[in-house]
Structures are given as structure tokens and as C-alpha cells.
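> For reference, the structure I am asking about is given below.
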Amino acid sequence: MRRPCKLAPSILSADFARLGEEVRTVEAAGADLIHFDVMDGHFVPNISIGIPVLQSLRAVTKLPLDVHLMIEHPERYIEAFVKAGADSISVHVEACDDVLAVARLVRGFGVRTSAAVNPETDVREALRIADALDMILVMSVHPGFGGQEFIPSALDKLRYARDELDRRGLNLDIEIDGGIKVDNIAAAAAAGANVLVSGSGIFSALSYAGVVSQMRQRLAAVELLAS
Ligand code: DX5
Ligand code: ZN
């Protein structure tokens with residue numbers, strides 16, 4: 001059984017000087033989640049936004065806030081992100097000494113729990129703890145920057161992960177993150193992703209509503225085929 005596809009604009013490519021307005025605009029355009037990228041300058045070679053920004057956004061949108069932690073020692077910050085309003089939290093398997101323990105910590109706070117894998121990481125690193133997860137995040141670019149090219153081998157990873165979850169009777173979400181645009185969103189969904197992140201694909205468009213509706217049409221075609 002497939003879940004309906006969800007579109008998650010990544011605000012990494014938004015105009016941070018007008019962040020509240022940007023979030024309201026993609027909400028009105030039909031986004032399902034707001035993807036919130038946290039970078040620490042250690043796990044990835046870039047620094048982005050964190051807890052106070054999440055807290056401010058909580059007040060401007062009703063959409064679930066999907067927090068992607070690209071940070072070392074994420075266990076130190078889970079409680080703070082939950083208190084600031086996170087609805088789901090992804091931690092990278094590469095950033096955790098014991099990813100199962102961190103997943104259990106996240107779940108203990110009652111938020112949706114996800115393990116993320118970098119392009120060079122075997123997706124089995126997340127699948128082996130699938131029982132403790134609500135979602136697996138497959139990176140289709142090297143984390144750290146928006147606007148990179150989609151890495152096609154991510155599609156094989158999606159297919160493998162979806163087949164393996166189906167085989168085990170588990171109905172987790174699979175999120176794809178990096179380089180998703182109107183032209184490749186259907187391929188990612190057909191391969192097994194049902195949470196589709198797009199940063200520059202949405203925020204570089206002149207009309208967010210226009211690109212969101214084009215993406216939705218592509219996803220609807222895949223959902224129809226799968227039903
Ligand atoms: C990359 C981030 C992504 C990024 C996606 O490290 O995790 O969420 O914002 O941006 P695009 O869609 O431009 O690749
Ligand atoms: Zn992300």
C-alpha cells in the first residue's frame with residue numbers, strides 16, 4: 001500500500017529576509033510540509049539556520065515542520081528542536097554513533113522519526129532500524145548546499161528501500177532530498193519516494209503556485225498508475 005505523495009519545499013533556497021512570507025506563499029501554493037535544513041559547518045561544509053528560526057516559523061504556518069539535521073551529535077539538540085516546533089526529525093546515520101538510540105530518543109518525544117543516508121551510504125544502514133522509524137530520507141545530492149544536480153543512483157536506492165519495506169510489511173515514508181525538479185519528480189515517486197523535497201526547484205520559480213501545481217500533476221500521474 002502506497003501513501004499519497006507529499007511535497008516539501010526546502011526553505012534553504014528561500015529569501016531569508018522575508019522567510020515568513022515565503023513560507024506563507026508556499027503554504028498557499030499547496031505545499032504539504034516545510035522542509036527545514038539545519039547545518040553545523042562540521043557534518044557538512046556549510047552553516048544554515050537553527051532553533052530560534054524554527055520557533056519563529058512555528059507561529060507563521062500550520063504545516064508540519066520537517067527538520068533535517070545535518071549536524072554532528074544530533075542527540076544533543078533533539079529536545080530543543082522538538083520544543084521549537086519540529087513535527088518530524090531526520091538524523092543522519094553517518095552522524096550518529098548509535099543511530100538506533102538516537103531514533104528512539106526522537107520517538108520518545110512523540111515526533112516523527114527519520115534516518116537519513118548520504119549518497120555514498122548504503123540505504124541498509126537505515127533499513128536495519130526501520131522498526132524504530134517513521135521515515136527514511138535518501139539524499140540525492142551531497143548534503144550542504146541547495147541547487148545541485150540530482151544523482152541518478154538515488155533512484156536505485158529508492159527502489160531497493162521501497163521493495164525491502166514492502167517485503168517486510170512496513171509502510172514507512174521515504175523522502176527524497178536534492179535536485180528534485182518538475183522534470184524528475186515523477187521518476188523519484190515512481191521509484192518509491194512519497195515525500196518529495198524541492199528547494200531551488202520551487203524557490204527559483206517566478207510563480208511558486210505554478211511550479212507546485214506542475215509538480216502535483218506529475219505526482220498525480222504516478223499515484224494513478226500505482227493505484
Ligand atoms: C541539501 C539539503 C536540501 C536542499 C535541497 O543539503 O538537505 O534539502 O535544500 O535543495 P535543492 O532542491 O535545490 O537540491
Ligand atoms: Zn534537506
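Chain labels run A, B, ... following the order of the C-alpha cells; each chain numbers its residues from 1, and ligands are numbered from 1 in the order shown.
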Need to verify the contact set: region 91-103 of chain A, 7 Å, only C-alpha atoms, exclusion of same-chain residues closer than 6 positions in sequence. Can you return it as a compact mmCIF listing (two decimals) with C-alpha atoms, in the first residue's frame?


```txt
# COMPACT_ATOMS: atom_id res chain seq x y z
CA HIS A 68 16.61 17.71 8.54
CA LEU A 69 19.57 17.75 10.91
CA MET A 70 22.89 17.78 9.05
CA ILE A 71 24.81 18.13 12.28
CA GLU A 72 27.21 16.12 14.40
CA HIS A 73 25.92 14.74 17.70
CA PRO A 74 22.27 15.39 16.83
CA GLU A 75 21.21 13.73 20.11
CA THR A 113 11.37 9.83 13.38
CA SER A 114 13.61 9.54 10.34
CA ALA A 115 17.09 8.30 9.43
CA ALA A 116 18.90 9.97 6.52
CA VAL A 117 21.56 8.45 4.27
CA GLU A 125 22.10 1.38 7.30
CA ALA A 126 18.65 2.96 7.70
CA ILE A 129 16.46 0.08 12.13
CA ALA A 132 12.16 2.33 15.02
CA LEU A 133 11.45 4.78 12.18
```

> Taking only C-alpha atoms and all ligand atoms into account, which residues have an atom no farther than 10 Å from ligand 2? I'd like them as JSON, numbers by chain.

{"A": [8, 9, 10, 11, 12, 35, 36, 37, 38, 39, 66, 67, 68, 69, 70, 90, 116, 137, 138, 139, 140, 141, 143, 144, 145, 146, 175, 176, 177, 178, 197, 198, 199]}

> Between A:Val60, A:Leu196, A:Val211, A:Ile89, which one has atoms that come closest to ligand 1, using only C-alpha atoms and all ligand atoms?

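Distance minimum relative to ligand 1 lands on A:Leu196.
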
> With DSSP run on the backbone, what are the strand (DSSP E) residues within chain A? I'd like them as a PyMOL selection string.

chain A and resi 6-9+34-39+65-70+88-92+112-117+135-139+173-177+195-198

> When you count only C-alpha atoms and all ligand atoms, which of these residues is closest to ligand 1: A:Ala80, A:Ile34, A:Leu155, A:Val26?

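That would be A:Ile34, the residue with the smallest distance to ligand 1.
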
> Just list as a PyMOL selection string whatever in region 89-176 of chain A DSSP marks as helix (DSSP H, G or I).

chain A and resi 93-95+99-108+124-127+130-132+154-167

> Which residue out of A:Ser207, A:Val53, A:Gln148, A:Asp166 has the minimum interatomic distance to Ala17 (chain A) when only C-alpha atoms are used?

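That would be A:Val53, the residue with the smallest distance to Ala17 (chain A).
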
> Between A:Gln55, A:Thr121, A:Ser88, A:Ser13, which one has atoms that come closest to ligand 1, using only C-alpha atoms and all ligand atoms?

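That would be A:Ser13, the residue with the smallest distance to ligand 1.
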